[in-house]
file entry-v6.cif (mmCIF, C-alpha atoms)
data_query
#
loop_
_atom_site.label_atom_id
_atom_site.label_comp_id
_atom_site.auth_asym_id
_atom_site.auth_seq_id
_atom_site.Cartn_x
_atom_site.Cartn_y
_atom_site.Cartn_z
CA MET A 6 83.76 86.30 83.89
CA ARG A 7 81.65 89.41 84.29
CA ARG A 8 78.82 88.94 86.76
CA LYS A 9 75.40 89.19 85.10
CA TYR A 10 72.50 91.10 86.63
CA ARG A 11 68.84 91.10 85.72
CA ILE A 12 67.24 94.53 85.55
CA PRO A 13 63.54 94.66 86.45
CA VAL A 14 61.41 96.11 83.69
CA ALA A 15 60.10 98.76 86.09
CA LEU A 16 63.61 100.10 86.54
CA PHE A 17 64.57 100.20 82.86
CA GLY A 18 63.40 103.75 82.33
CA GLN A 19 65.15 104.95 85.47
CA CYS A 20 68.33 103.17 84.53
CA LEU A 21 68.28 104.69 81.04
CA LEU A 22 67.89 108.12 82.61
CA VAL A 23 70.96 107.53 84.77
CA VAL A 24 73.02 106.61 81.74
CA LEU A 25 71.97 109.83 80.02
CA VAL A 26 72.42 112.08 83.01
CA ALA A 27 74.99 110.61 85.39
CA VAL A 28 77.36 109.10 82.84
CA ALA A 29 76.61 111.16 79.77
CA GLY A 30 78.97 110.46 76.94
CA SER A 31 79.81 106.97 78.16
CA ASN A 32 80.32 104.30 75.54
CA GLU A 33 78.73 101.66 77.76
CA ALA A 34 76.39 99.59 75.65
CA SER A 35 74.04 98.89 78.52
CA CYS A 36 73.03 100.63 81.71
CA ALA A 37 74.50 99.78 85.08
CA ALA A 38 72.64 97.30 87.20
CA THR A 39 71.32 98.45 90.54
CA VAL A 40 72.88 97.14 93.74
CA ASP A 41 71.37 97.37 97.21
CA VAL A 42 73.45 99.84 99.22
CA GLY A 43 72.88 101.32 102.68
CA PHE A 44 74.67 104.03 104.67
CA ALA A 45 74.79 105.25 108.24
CA ARG A 46 77.02 107.44 110.37
CA VAL A 47 77.39 108.36 114.02
CA ASP A 48 79.14 111.14 115.90
CA ILE A 49 82.08 109.70 117.89
CA THR A 50 83.46 113.00 119.17
CA PRO A 51 84.50 112.71 122.84
CA THR A 52 82.25 114.71 125.16
CA THR A 53 84.89 115.16 127.87
CA PRO A 54 88.65 115.80 127.86
CA ILE A 55 90.72 112.72 126.93
CA ARG A 56 94.32 111.90 126.04
CA LEU A 57 94.76 112.08 122.29
CA SER A 58 96.65 109.53 120.20
CA GLY A 59 99.25 110.07 117.49
CA TYR A 60 101.74 112.47 119.02
CA ALA A 61 103.94 111.47 121.97
CA ALA A 62 104.69 115.14 122.71
CA ARG A 63 101.30 115.80 124.29
CA SER A 64 101.25 115.91 128.07
CA THR A 65 97.61 116.49 129.08
CA GLU A 66 94.10 115.54 128.10
CA SER A 67 92.51 117.38 125.17
CA VAL A 68 91.55 121.01 125.65
CA GLY A 69 88.77 121.31 123.06
CA VAL A 70 87.12 120.12 119.85
CA GLN A 71 88.20 121.66 116.59
CA GLN A 72 86.18 119.29 114.42
CA LYS A 73 83.73 116.45 115.03
CA LEU A 74 84.77 112.84 114.50
CA TRP A 75 82.61 110.23 112.78
CA ALA A 76 82.20 106.50 112.27
CA LYS A 77 80.50 105.67 108.98
CA ALA A 78 79.36 102.46 107.34
CA MET A 79 78.39 101.32 103.85
CA ALA A 80 76.64 97.99 103.25
CA ILE A 81 76.74 96.70 99.66
CA GLY A 82 74.60 93.87 98.28
CA ARG A 83 72.50 91.23 99.97
CA GLY A 84 72.87 87.59 100.95
CA ARG A 85 76.23 85.92 100.51
CA ASP A 86 77.58 88.80 98.42
CA THR A 87 77.05 91.41 101.14
CA ALA A 88 80.10 93.53 101.98
CA LEU A 89 80.43 96.11 104.73
CA LEU A 90 82.93 98.99 104.75
CA ILE A 91 83.33 100.87 108.04
CA THR A 92 85.47 104.02 108.36
CA VAL A 93 86.44 105.47 111.72
CA ASP A 94 88.00 108.85 112.45
CA CYS A 95 90.72 107.54 114.77
CA THR A 96 94.45 106.95 114.78
CA GLY A 97 94.09 103.18 114.69
CA LEU A 98 92.13 100.17 115.92
CA SER A 99 93.22 97.06 117.80
CA ARG A 100 92.77 93.48 116.64
CA ASP A 101 90.71 92.72 119.76
CA LEU A 102 88.28 95.60 119.13
CA THR A 103 87.73 94.88 115.45
CA GLY A 104 87.47 91.16 116.18
CA ARG A 105 84.68 91.71 118.69
CA ILE A 106 82.79 93.97 116.29
CA LYS A 107 83.09 91.52 113.41
CA ARG A 108 81.92 88.62 115.57
CA SER A 109 78.90 90.63 116.72
CA LEU A 110 78.04 91.52 113.13
CA TRP A 111 78.33 87.87 112.13
CA ASP A 112 75.95 86.89 114.95
CA LYS A 113 73.43 89.60 114.07
CA THR A 114 73.61 89.68 110.25
CA GLY A 115 75.46 86.60 109.03
CA ILE A 116 78.04 88.76 107.24
CA PRO A 117 81.41 86.96 107.55
CA ALA A 118 84.55 88.69 108.76
CA ARG A 119 86.18 88.54 105.33
CA SER A 120 83.36 90.72 103.98
CA ILE A 121 83.74 93.39 106.68
CA ALA A 122 86.55 95.93 106.27
CA MET A 123 87.23 98.48 109.00
CA ALA A 124 89.44 101.43 108.07
CA ALA A 125 90.98 103.93 110.47
CA SER A 126 91.53 107.44 109.10
CA HIS A 127 94.80 107.73 111.08
CA THR A 128 94.21 111.27 112.24
CA HIS A 129 96.73 112.14 114.95
CA SER A 130 94.15 114.23 116.78
CA ALA A 131 91.65 111.58 117.92
CA PRO A 132 91.24 109.95 121.35
CA MET A 133 93.44 107.15 122.58
CA ILE A 134 91.72 103.77 122.18
CA SER A 135 92.26 100.91 124.61
CA GLY A 136 94.58 98.24 123.22
CA TYR A 137 96.05 100.43 120.48
CA LEU A 138 99.42 102.20 120.62
CA GLU A 139 99.47 101.83 124.39
CA ASN A 140 103.20 102.60 124.61
CA LEU A 141 102.78 106.02 123.01
CA PHE A 142 103.54 107.81 126.26
CA GLY A 143 105.88 105.12 127.58
CA ARG A 144 108.88 107.46 127.45
CA SER A 145 106.95 110.58 128.36
CA LYS A 146 107.39 112.68 131.48
CA HIS A 147 103.59 112.70 131.52
CA PRO A 148 102.42 109.05 131.34
CA ILE A 149 98.73 108.17 131.34
CA THR A 150 97.29 108.27 134.84
CA ALA A 151 94.72 105.81 136.20
CA GLU A 152 92.00 108.43 135.88
CA GLN A 153 92.96 109.21 132.29
CA GLN A 154 93.01 105.49 131.45
CA ALA A 155 89.49 105.18 132.84
CA HIS A 156 88.40 107.92 130.41
CA ILE A 157 90.08 106.06 127.53
CA ASP A 158 88.45 102.75 128.48
CA GLN A 159 85.01 104.35 128.74
CA TYR A 160 85.41 106.07 125.37
CA THR A 161 86.53 102.79 123.78
CA LYS A 162 83.52 100.94 125.19
CA GLU A 163 81.14 103.57 123.81
CA LEU A 164 82.99 103.65 120.48
CA GLU A 165 82.58 99.90 120.01
CA GLN A 166 78.83 100.11 120.56
CA LYS A 167 78.51 103.09 118.22
CA ILE A 168 80.44 101.37 115.43
CA LEU A 169 78.33 98.24 115.79
CA LYS A 170 75.07 100.20 115.71
CA THR A 171 76.19 102.22 112.68
CA ALA A 172 77.07 99.07 110.77
CA LEU A 173 73.69 97.52 111.60
CA ASP A 174 71.90 100.73 110.59
CA ALA A 175 73.70 100.71 107.24
CA ALA A 176 72.71 97.10 106.63
CA SER A 177 69.07 97.82 107.46
CA SER A 178 68.89 100.89 105.21
CA ARG A 179 69.93 99.22 101.94
CA ARG A 180 68.03 100.22 98.83
CA PRO A 181 68.67 100.04 95.05
CA SER A 182 71.62 102.19 94.03
CA LEU A 183 74.15 102.62 91.26
CA LEU A 184 77.91 102.40 91.76
CA PHE A 185 80.63 104.00 89.64
CA TRP A 186 84.33 104.37 90.13
CA GLY A 187 87.10 106.54 88.77
CA ARG A 188 90.50 107.89 89.68
CA GLY A 189 92.00 111.34 90.15
CA ARG A 190 95.23 112.71 91.59
CA VAL A 191 96.29 115.16 94.27
CA GLY A 192 99.86 116.06 95.13
CA PHE A 193 100.25 117.14 98.75
CA ALA A 194 101.72 113.85 100.02
CA LYS A 195 105.51 114.02 100.36
CA ASN A 196 107.94 111.25 101.26
CA ARG A 197 109.07 112.11 104.78
CA ARG A 198 112.21 109.99 104.72
CA THR A 199 113.91 111.04 101.48
CA GLN A 200 113.75 114.22 99.44
CA GLY A 201 111.98 113.27 96.22
CA GLY A 202 111.30 109.75 97.55
CA PRO A 203 108.41 107.57 96.34
CA VAL A 204 104.79 108.58 96.93
CA ASP A 205 101.39 107.47 95.65
CA HIS A 206 99.30 110.41 94.43
CA ASP A 207 96.38 108.34 93.10
CA LEU A 208 92.94 109.32 94.37
CA PRO A 209 90.47 106.45 93.78
CA VAL A 210 86.83 107.52 94.01
CA LEU A 211 83.67 105.44 94.42
CA LYS A 212 80.39 107.18 93.61
CA VAL A 213 77.00 105.90 94.80
CA THR A 214 73.73 107.34 93.50
CA ASP A 215 70.05 106.57 93.58
CA PRO A 216 68.67 105.02 90.37
CA ASP A 217 67.57 108.52 89.36
CA GLY A 218 71.11 109.87 89.69
CA VAL A 219 70.84 111.64 93.06
CA MET A 220 74.14 111.44 94.95
CA ARG A 221 74.08 109.16 98.00
CA ALA A 222 77.73 108.73 98.91
CA VAL A 223 81.36 109.15 97.93
CA VAL A 224 84.26 106.96 99.10
CA VAL A 225 87.74 108.33 98.43
CA GLY A 226 91.25 107.13 99.20
CA TYR A 227 94.66 108.81 99.45
CA ALA A 228 98.03 107.62 100.75
CA CYS A 229 99.13 110.22 103.27
CA HIS A 230 99.51 110.56 107.04
CA GLY A 231 97.06 112.61 109.08
CA THR A 232 99.75 114.78 110.62
CA THR A 233 98.94 118.25 109.34
CA LEU A 234 97.94 119.71 112.70
CA ASP A 235 100.26 120.98 115.41
CA PRO A 236 100.38 118.55 118.36
CA ALA A 237 100.68 121.56 120.66
CA ASP A 238 97.07 122.46 119.81
CA ASN A 239 95.89 119.31 121.66
CA VAL A 240 92.39 119.53 120.21
CA VAL A 241 90.11 116.89 118.66
CA SER A 242 90.14 116.94 114.86
CA GLY A 243 89.86 114.70 111.82
CA ASP A 244 92.84 116.47 110.16
CA TRP A 245 92.79 116.75 106.35
CA MET A 246 90.66 113.58 106.10
CA GLY A 247 87.96 115.14 108.25
CA TYR A 248 87.94 118.36 106.24
CA ALA A 249 87.77 116.41 102.99
CA GLN A 250 84.70 114.56 104.24
CA HIS A 251 83.10 117.79 105.43
CA ASP A 252 83.70 119.63 102.14
CA ILE A 253 82.39 116.74 100.01
CA GLU A 254 79.21 116.48 102.08
CA GLN A 255 78.71 120.25 101.84
CA ARG A 256 78.99 120.10 98.04
CA TYR A 257 76.58 117.16 97.78
CA PRO A 258 73.87 117.79 100.41
CA GLY A 259 72.40 114.65 101.91
CA SER A 260 75.37 112.50 100.89
CA VAL A 261 77.82 110.56 103.05
CA ALA A 262 81.56 110.98 102.45
CA MET A 263 84.01 108.30 103.59
CA VAL A 264 87.82 108.41 103.47
CA VAL A 265 90.19 105.44 103.55
CA ILE A 266 93.95 105.86 103.75
CA GLY A 267 96.30 104.22 101.29
CA ALA A 268 99.82 102.92 101.83
CA GLY A 269 101.24 106.25 102.94
CA ALA A 270 102.96 105.43 106.23
CA ASP A 271 106.16 107.12 105.01
CA SER A 272 104.32 110.11 103.50
CA ASN A 273 103.42 113.32 105.31
CA PRO A 274 101.18 116.14 104.09
CA PHE A 275 103.06 119.12 102.71
CA PRO A 276 102.94 121.88 103.69
CA ARG A 277 102.35 121.42 107.40
CA VAL A 278 101.91 122.21 110.37
CA GLY A 279 98.62 124.00 111.15
CA LEU A 280 94.87 124.20 110.78
CA THR A 281 94.95 126.23 107.56
CA HIS A 282 97.02 123.56 105.85
CA ALA A 283 94.66 120.78 106.98
CA GLN A 284 91.68 122.70 105.60
CA LYS A 285 93.47 123.37 102.30
CA HIS A 286 94.47 119.73 101.85
CA GLY A 287 90.91 118.64 102.56
CA ARG A 288 89.63 121.15 100.03
CA ARG A 289 92.08 119.89 97.41
CA VAL A 290 90.75 116.36 97.85
CA ALA A 291 87.16 117.59 97.60
CA ASP A 292 87.99 119.63 94.50
CA GLN A 293 89.54 116.61 92.80
CA VAL A 294 86.60 114.42 93.79
CA GLY A 295 84.31 116.95 92.13
CA ARG A 296 86.34 116.79 88.93
CA VAL A 297 86.33 112.99 88.92
CA LEU A 298 82.56 112.83 89.50
CA SER A 299 81.92 115.28 86.65
CA ARG A 300 83.79 113.18 84.08
CA ASP A 301 81.97 111.06 81.55
CA ASP A 302 84.30 108.06 81.85
CA LEU A 303 83.30 106.78 85.29
CA ARG A 304 82.94 103.02 85.19
CA PRO A 305 79.69 101.44 86.36
CA ILE A 306 80.37 98.56 88.73
CA GLY A 307 78.24 96.01 90.51
CA GLY A 308 78.38 94.57 93.99
CA VAL A 309 81.20 92.70 95.67
CA THR A 310 81.41 89.32 93.95
CA SER A 311 84.29 87.87 95.95
CA ALA A 312 85.64 88.55 99.44
CA ARG A 313 88.71 86.77 100.72
CA ALA A 314 91.05 86.96 103.68
CA GLY A 315 94.26 85.19 104.57
CA THR A 316 96.90 85.43 107.27
CA VAL A 317 100.68 85.31 106.86
CA GLU A 318 103.29 85.28 109.62
CA LEU A 319 105.75 88.16 109.71
CA ASP A 320 109.00 87.10 111.36
CA PHE A 321 111.02 89.38 113.60
CA ALA A 322 114.77 89.80 113.23
CA ARG A 323 115.20 88.93 116.89
CA ALA A 324 115.66 85.19 117.40
CA GLY A 325 113.23 83.19 119.51
CA VAL A 326 110.32 85.63 119.13
CA GLU A 327 106.90 84.51 117.96
CA PRO A 328 105.99 85.90 114.51
CA LEU A 329 103.23 88.45 114.08
CA PRO A 330 100.03 87.14 112.43
CA TYR A 331 99.14 89.57 109.65
CA THR A 332 95.77 89.41 107.90
CA ILE A 333 95.23 90.51 104.30
CA GLN A 334 91.75 91.05 102.91
CA THR A 335 90.58 91.58 99.33
CA TRP A 336 87.29 92.33 97.62
CA VAL A 337 86.54 91.85 93.92
CA ILE A 338 83.84 93.95 92.29
CA GLY A 339 82.99 92.28 88.99
CA ASP A 340 86.02 92.44 86.71
CA GLU A 341 86.30 96.22 87.08
CA LEU A 342 87.86 96.78 90.50
CA ALA A 343 89.81 94.95 93.21
CA MET A 344 90.18 96.43 96.70
CA VAL A 345 93.02 95.40 98.99
CA PHE A 346 92.79 96.01 102.74
CA LEU A 347 96.13 95.84 104.58
CA GLU A 348 96.71 95.96 108.32
CA GLY A 349 99.11 98.41 109.91
CA GLU A 350 101.01 101.49 108.87
CA VAL A 351 101.99 100.28 105.39
CA VAL A 352 104.69 102.13 103.47
CA VAL A 353 104.22 103.20 99.86
CA ASP A 354 106.37 100.50 98.22
CA TYR A 355 103.55 97.96 98.60
CA SER A 356 101.03 100.05 96.71
CA LEU A 357 103.43 100.98 93.93
CA ARG A 358 104.57 97.38 93.46
CA LEU A 359 101.03 95.97 93.37
CA LYS A 360 99.81 98.60 90.92
CA ALA A 361 102.78 98.00 88.63
CA HIS A 362 101.97 94.28 88.65
CA PHE A 363 98.38 94.95 87.61
CA ARG A 364 99.30 97.50 84.93
CA LYS A 365 101.71 95.04 83.37
CA ARG A 366 99.08 92.31 83.15
CA LEU A 367 95.92 94.31 82.50
CA GLY A 368 97.23 97.42 80.81
CA GLU A 369 95.51 99.63 83.38
CA ASP A 370 94.96 100.16 87.08
CA LYS A 371 92.04 98.26 88.50
CA LEU A 372 93.39 98.23 92.02
CA TRP A 373 92.54 100.20 95.16
CA VAL A 374 95.01 99.68 98.02
CA ALA A 375 93.94 100.69 101.52
CA ALA A 376 96.04 100.49 104.68
CA PHE A 377 95.40 101.07 108.42
CA CYS A 378 92.61 98.49 108.04
CA ASN A 379 91.10 96.11 110.59
CA SER A 380 93.98 96.56 113.04
CA VAL A 381 97.18 98.57 113.26
CA PRO A 382 99.82 96.42 114.98
CA GLY A 383 102.68 98.68 113.88
CA TYR A 384 104.59 99.90 110.83
CA VAL A 385 104.87 97.49 107.91
CA ALA A 386 108.22 98.31 106.38
CA SER A 387 109.35 97.27 102.91
CA GLU A 388 112.66 95.65 102.05
CA ARG A 389 113.94 99.08 100.97
CA ILE A 390 113.12 100.63 104.33
CA LEU A 391 114.50 97.68 106.29
CA LYS A 392 117.82 98.24 104.52
CA GLU A 393 117.72 102.00 105.12
CA GLY A 394 116.63 101.70 108.75
CA GLY A 395 115.14 104.62 110.64
CA TYR A 396 111.85 105.29 112.38
CA GLU A 397 109.49 103.12 110.32
CA ALA A 398 111.83 100.12 110.49
CA ASP A 399 113.22 100.43 113.99
CA SER A 400 112.37 103.04 116.63
CA SER A 401 108.60 102.97 115.97
CA THR A 402 108.48 99.39 117.25
CA PHE A 403 108.77 100.58 120.87
CA TYR A 404 105.55 102.58 120.69
CA TYR A 405 103.67 99.56 119.31
CA GLY A 406 105.13 97.19 121.89
CA LEU A 407 106.81 95.06 119.23
CA PRO A 408 109.98 93.05 119.98
CA GLY A 409 112.06 94.93 117.42
CA ARG A 410 112.25 95.20 113.65
CA PHE A 411 110.83 92.69 111.20
CA ALA A 412 113.09 90.21 109.42
CA ALA A 413 113.72 90.49 105.70
CA GLY A 414 111.21 88.70 103.50
CA LEU A 415 107.99 90.22 104.77
CA GLU A 416 107.36 92.23 101.59
CA ASP A 417 107.27 89.16 99.35
CA LYS A 418 105.03 87.32 101.82
CA ILE A 419 102.45 90.09 101.78
CA ILE A 420 102.57 90.68 98.02
CA GLU A 421 102.28 86.98 97.25
CA GLU A 422 99.22 86.62 99.50
CA VAL A 423 97.51 89.58 97.81
CA LEU A 424 98.24 88.24 94.34
CA GLY A 425 97.09 84.77 95.33
CA GLN A 426 93.76 86.10 96.52
CA LEU A 427 93.33 88.13 93.32
CA ARG A 428 94.59 85.59 90.77
CA GLY A 429 91.06 84.84 89.56
CA PHE A 430 90.32 88.57 89.19
CA VAL A 431 93.40 89.09 87.04
CA LYS A 432 92.47 86.18 84.77
CA ALA A 433 88.84 87.32 84.45
CA SER A 434 89.89 90.90 83.68
CA ALA A 435 92.44 89.77 81.12
CA THR A 436 89.82 87.55 79.46
CA THR A 437 87.45 90.51 79.24
CA ARG A 438 90.17 92.42 77.41
CA GLY A 439 90.65 89.49 75.04
CA GLU A 440 93.90 88.35 76.62
CA SER A 441 95.01 85.32 78.61
CA LYS A 442 97.67 86.49 81.06
CA ASP A 443 98.25 85.06 84.51
#

call {"tool": "encode", "arguments": {"input": "entry-v6.cif", "output": "structure tokens"}}
result
Amino acid sequence: MRRKYRIPVALFGQCLLVVLVAVAGSNEASCAATVDVGFARVDITPTTPIRLSGYAARSTESVGVQQKLWAKAMAIGRGRDTALLITVDCTGLSRDLTGRIKRSLWDKTGIPARSIAMAASHTHSAPMISGYLENLFGRSKHPITAEQQAHIDQYTKELEQKILKTALDAASSRRPSLLFWGRGRVGFAKNRRTQGGPVDHDLPVLKVTDPDGVMRAVVVGYACHGTTLDPADNVVSGDWMGYAQHDIEQRYPGSVAMVVIGAGADSNPFPRVGLTHAQKHGRRVADQVGRVLSRDDLRPIGGVTSARAGTVELDFARAGVEPLPYTIQTWVIGDELAMVFLEGEVVVDYSLRLKAHFRKRLGEDKLWVAAFCNSVPGYVASERILKEGGYEADSSTFYYGLPGRFAAGLEDKIIEEVLGQLRGFVKASATTRGESKD
């Protein structure tokens, strides 16, 4: 059932103006309800040289900063319906780090862990973080020294405090806003395993404005690795995701741009490698965002009406090894949008399968799949990739300190948990369309 909102009389005129200006041409019979939304961001660029994550070929600490890195937060709603999205320009986050941050936020705000999603941008040009991908240089001729580890530990400690403060600042800055969502497409992701292999070119976009239509923020997602830059450069950068954020914020002064990565663990940007390509890919995302925001068919949405999380156990093929606990998180926003937050480097098959399931039952996509969320314990291969073998299924496990490849059956476990969490959303959406499908 669609969540109902009461619109104060004092806001009716403003809301009508937004309908006329921000979503002109829309066939919506009534104006969107306001939702309390707050934003904050903090510079997390390292101030001293540090070993960078992502590429095992690097042998020294960073030699400069090509682009600043950011942690950003968006708080949506109030009370029990509050949700908090945090994006971090980093290669990945550990379960211990995100767990500590979520517990601190629970203590300070009462927002439960299931309503807090933390998304790493997966740039391969950000600092190493303690507890994440610690085997990256395990086969290197230039392993991390004690002094370099001290720099990593200090950066991680400061990063944790900055993320926590940014999330609290976002929660304290909430004010009435309007939310809309739409979808575009860009085409620079390319399957890196197979010529012409599967990719996900969808570009979901969330737009947040003041009640008078002034842009406050844009959240955008795309399923592609942050591997455009040359590892030999050894400089700090947000890769194409950082340039997309920068370009969007330049086009909408005063706004905050946030990027979450989809299930693109087996997709690389094309062309690559080099700074020019990263800038062009970022510009292509910003251009498409501009086109999406200018359309008259953006859907008004309310706050997060349901937040759920569940953990499944992913078995390893090696006998006698403890399974990996894997947490799946979902948010429902009215009956218009469901967001799925998956841990790890998730390959594209998961996104394509979930979207096909929703299209079959609802006749349209109402799903936003994000990966690299909350923690990144390793690659999450599909059944297809387990059969094919290769880096994502096998050799990558060394760098993540895993005891080998996963056993068959993990794909169904993950998909079934997602669908179980969203069963009520599917029924409510189908009812809205005048149908009754499970």

call {"tool": "closest_atom_pairs", "arguments": {"input": "entry-v6.cif", "of": "region 90-205 of chain A", "to": "region 289-310 of chain A", "cutoff": "12 Å", "atoms": "only C-alpha atoms", "output": "JSON lines"}}
result
{"residue": "A:Leu90", "atom": "CA", "partner": "A:Val309", "partner_atom": "CA", "distance": 11.2}
{"residue": "A:Arg119", "atom": "CA", "partner": "A:Val309", "partner_atom": "CA", "distance": 11.6}
{"residue": "A:Ser120", "atom": "CA", "partner": "A:Val309", "partner_atom": "CA", "distance": 8.8}
{"residue": "A:Ile121", "atom": "CA", "partner": "A:Val309", "partner_atom": "CA", "distance": 11.3}
{"residue": "A:Pro181", "atom": "CA", "partner": "A:Gly308", "partner_atom": "CA", "distance": 11.2}
{"residue": "A:Ser182", "atom": "CA", "partner": "A:Gly307", "partner_atom": "CA", "distance": 9.7}
{"residue": "A:Leu183", "atom": "CA", "partner": "A:Pro305", "partner_atom": "CA", "distance": 7.5}
{"residue": "A:Leu184", "atom": "CA", "partner": "A:Ile306", "partner_atom": "CA", "distance": 5.5}
{"residue": "A:Phe185", "atom": "CA", "partner": "A:Pro305", "partner_atom": "CA", "distance": 4.3}
{"residue": "A:Trp186", "atom": "CA", "partner": "A:Arg304", "partner_atom": "CA", "distance": 5.3}
{"residue": "A:Gly187", "atom": "CA", "partner": "A:Leu303", "partner_atom": "CA", "distance": 5.2}
{"residue": "A:Arg188", "atom": "CA", "partner": "A:Val297", "partner_atom": "CA", "distance": 6.6}
{"residue": "A:Gly189", "atom": "CA", "partner": "A:Val297", "partner_atom": "CA", "distance": 6.0}
{"residue": "A:Arg190", "atom": "CA", "partner": "A:Gln293", "partner_atom": "CA", "distance": 7.0}
{"residue": "A:Val191", "atom": "CA", "partner": "A:Val290", "partner_atom": "CA", "distance": 6.7}
{"residue": "A:Gly192", "atom": "CA", "partner": "A:Arg289", "partner_atom": "CA", "distance": 9.0}
{"residue": "A:Phe193", "atom": "CA", "partner": "A:Arg289", "partner_atom": "CA", "distance": 8.7}
{"residue": "A:Ala194", "atom": "CA", "partner": "A:Val290", "partner_atom": "CA", "distance": 11.5}

call {"tool": "resolve_selection", "arguments": {"input": "entry-v6.cif", "expression": "the PyMOL selection byres ((chain A and resi 104) around 12)", "output": "PyMOL selection string"}}
result
chain A and resi 98-103+105-111+117-119+121-123+165+169+332+379-380

call {"tool": "closest_residue", "arguments": {"input": "entry-v6.cif", "among": "A:Gly115, A:Gly59, A:Gly349, A:Gly315", "to": "Leu173 (chain A)", "atoms": "all atoms listed in the file"}}
result
A:Gly115

call {"tool": "resolve_selection", "arguments": {"input": "entry-v6.cif", "expression": "the PyMOL selection byres ((chain A and resi 52-54) around 7)", "output": "list in words"}}
result
Thr50, Pro51, Ile55, Glu66, Ser67 and Val68 of chain A

call {"tool": "residues_around", "arguments": {"input": "entry-v6.cif", "residues": "Asp235 (chain A)", "least_positions_apart": "3", "cutoff": "10 Å", "atoms": "all atoms listed in the file", "output": "number ranges by chain"}}
result
A: 60, 129-130, 232, 238-240, 277-280

call {"tool": "write_last_selection", "arguments": {"input": "entry-v6.cif", "atoms": "C-alpha atoms", "output": "PDB file, in the frame of the given file"}}
result
ATOM      1  CA  TYR A  60     101.740 112.470 119.020  1.00  0.00           C
ATOM      2  CA  HIS A 129      96.730 112.140 114.950  1.00  0.00           C
ATOM      3  CA  SER A 130      94.150 114.230 116.780  1.00  0.00           C
ATOM      4  CA  THR A 232      99.750 114.780 110.620  1.00  0.00           C
ATOM      5  CA  ASP A 238      97.070 122.460 119.810  1.00  0.00           C
ATOM      6  CA  ASN A 239      95.890 119.310 121.660  1.00  0.00           C
ATOM      7  CA  VAL A 240      92.390 119.530 120.210  1.00  0.00           C
ATOM      8  CA  ARG A 277     102.350 121.420 107.400  1.00  0.00           C
ATOM      9  CA  VAL A 278     101.910 122.210 110.370  1.00  0.00           C
ATOM     10  CA  GLY A 279      98.620 124.000 111.150  1.00  0.00           C
ATOM     11  CA  LEU A 280      94.870 124.200 110.780  1.00  0.00           C
TER      12      LEU A 280
END

call {"tool": "residues_around", "arguments": {"input": "entry-v6.cif", "residues": "Glu422 (chain A)", "least_positions_apart": "2", "cutoff": "12 Å", "atoms": "all atoms listed in the file", "output": "CSV table (one decimal) with C-alpha atoms, in the coordinates of the input"}}
result
chain,number,residue,atom,x,y,z
A,313,ARG,CA,88.7,86.8,100.7
A,314,ALA,CA,91.0,87.0,103.7
A,315,GLY,CA,94.3,85.2,104.6
A,316,THR,CA,96.9,85.4,107.3
A,317,VAL,CA,100.7,85.3,106.9
A,318,GLU,CA,103.3,85.3,109.6
A,331,TYR,CA,99.1,89.6,109.6
A,332,THR,CA,95.8,89.4,107.9
A,333,ILE,CA,95.2,90.5,104.3
A,334,GLN,CA,91.8,91.0,102.9
A,335,THR,CA,90.6,91.6,99.3
A,345,VAL,CA,93.0,95.4,99.0
A,346,PHE,CA,92.8,96.0,102.7
A,347,LEU,CA,96.1,95.8,104.6
A,359,LEU,CA,101.0,96.0,93.4
A,415,LEU,CA,108.0,90.2,104.8
A,416,GLU,CA,107.4,92.2,101.6
A,417,ASP,CA,107.3,89.2,99.4
A,418,LYS,CA,105.0,87.3,101.8
A,419,ILE,CA,102.4,90.1,101.8
A,420,ILE,CA,102.6,90.7,98.0
A,424,LEU,CA,98.2,88.2,94.3
A,425,GLY,CA,97.1,84.8,95.3
A,426,GLN,CA,93.8,86.1,96.5
A,427,LEU,CA,93.3,88.1,93.3
A,428,ARG,CA,94.6,85.6,90.8

call {"tool": "closest_residue", "arguments": {"input": "entry-v6.cif", "among": "A:Leu329, A:Ala283, A:Leu74, A:Ala343", "to": "Met263 (chain A)", "atoms": "only C-alpha atoms"}}
result
A:Leu74

call {"tool": "closest_residue", "arguments": {"input": "entry-v6.cif", "among": "A:Arg358, A:Lys432, A:His286, A:Arg323", "to": "Ala412 (chain A)", "atoms": "all atoms listed in the file"}}
result
A:Arg323

call {"tool": "atom_distance", "arguments": {"input": "entry-v6.cif", "atom1": "CA of Leu164 (chain A)", "atom2": "CA of Ala249 (chain A)"}}
result
22.2 Å

call {"tool": "atom_distance", "arguments": {"input": "entry-v6.cif", "atom1": "CA of Thr87 (chain A)", "atom2": "CA of Val40 (chain A)"}}
result
10.2 Å

call {"tool": "atom_distance", "arguments": {"input": "entry-v6.cif", "atom1": "CA of His147 (chain A)", "atom2": "CA of Arg56 (chain A)"}}
result
10.8 Å

call {"tool": "closest_residue", "arguments": {"input": "entry-v6.cif", "among": "A:Pro148, A:Gly383, A:Gly269, A:Pro132", "to": "Tyr404 (chain A)", "atoms": "all atoms listed in the file"}}
result
A:Gly383

call {"tool": "resolve_selection", "arguments": {"input": "entry-v6.cif", "expression": "the PyMOL selection byres ((chain A and resi 342) around 9)", "output": "list of chain:residue names"}}
result
A:Trp186, A:Ile306, A:Trp336, A:Val337, A:Ile338, A:Gly339, A:Asp340, A:Glu341, A:Ala343, A:Met344, A:Asp370, A:Lys371, A:Leu372, A:Trp373, A:Phe430

call {"tool": "closest_residue", "arguments": {"input": "entry-v6.cif", "among": "A:Asp271, A:Asp158, A:Asp217, A:Glu139", "to": "Val351 (chain A)", "atoms": "only C-alpha atoms"}}
result
A:Asp271
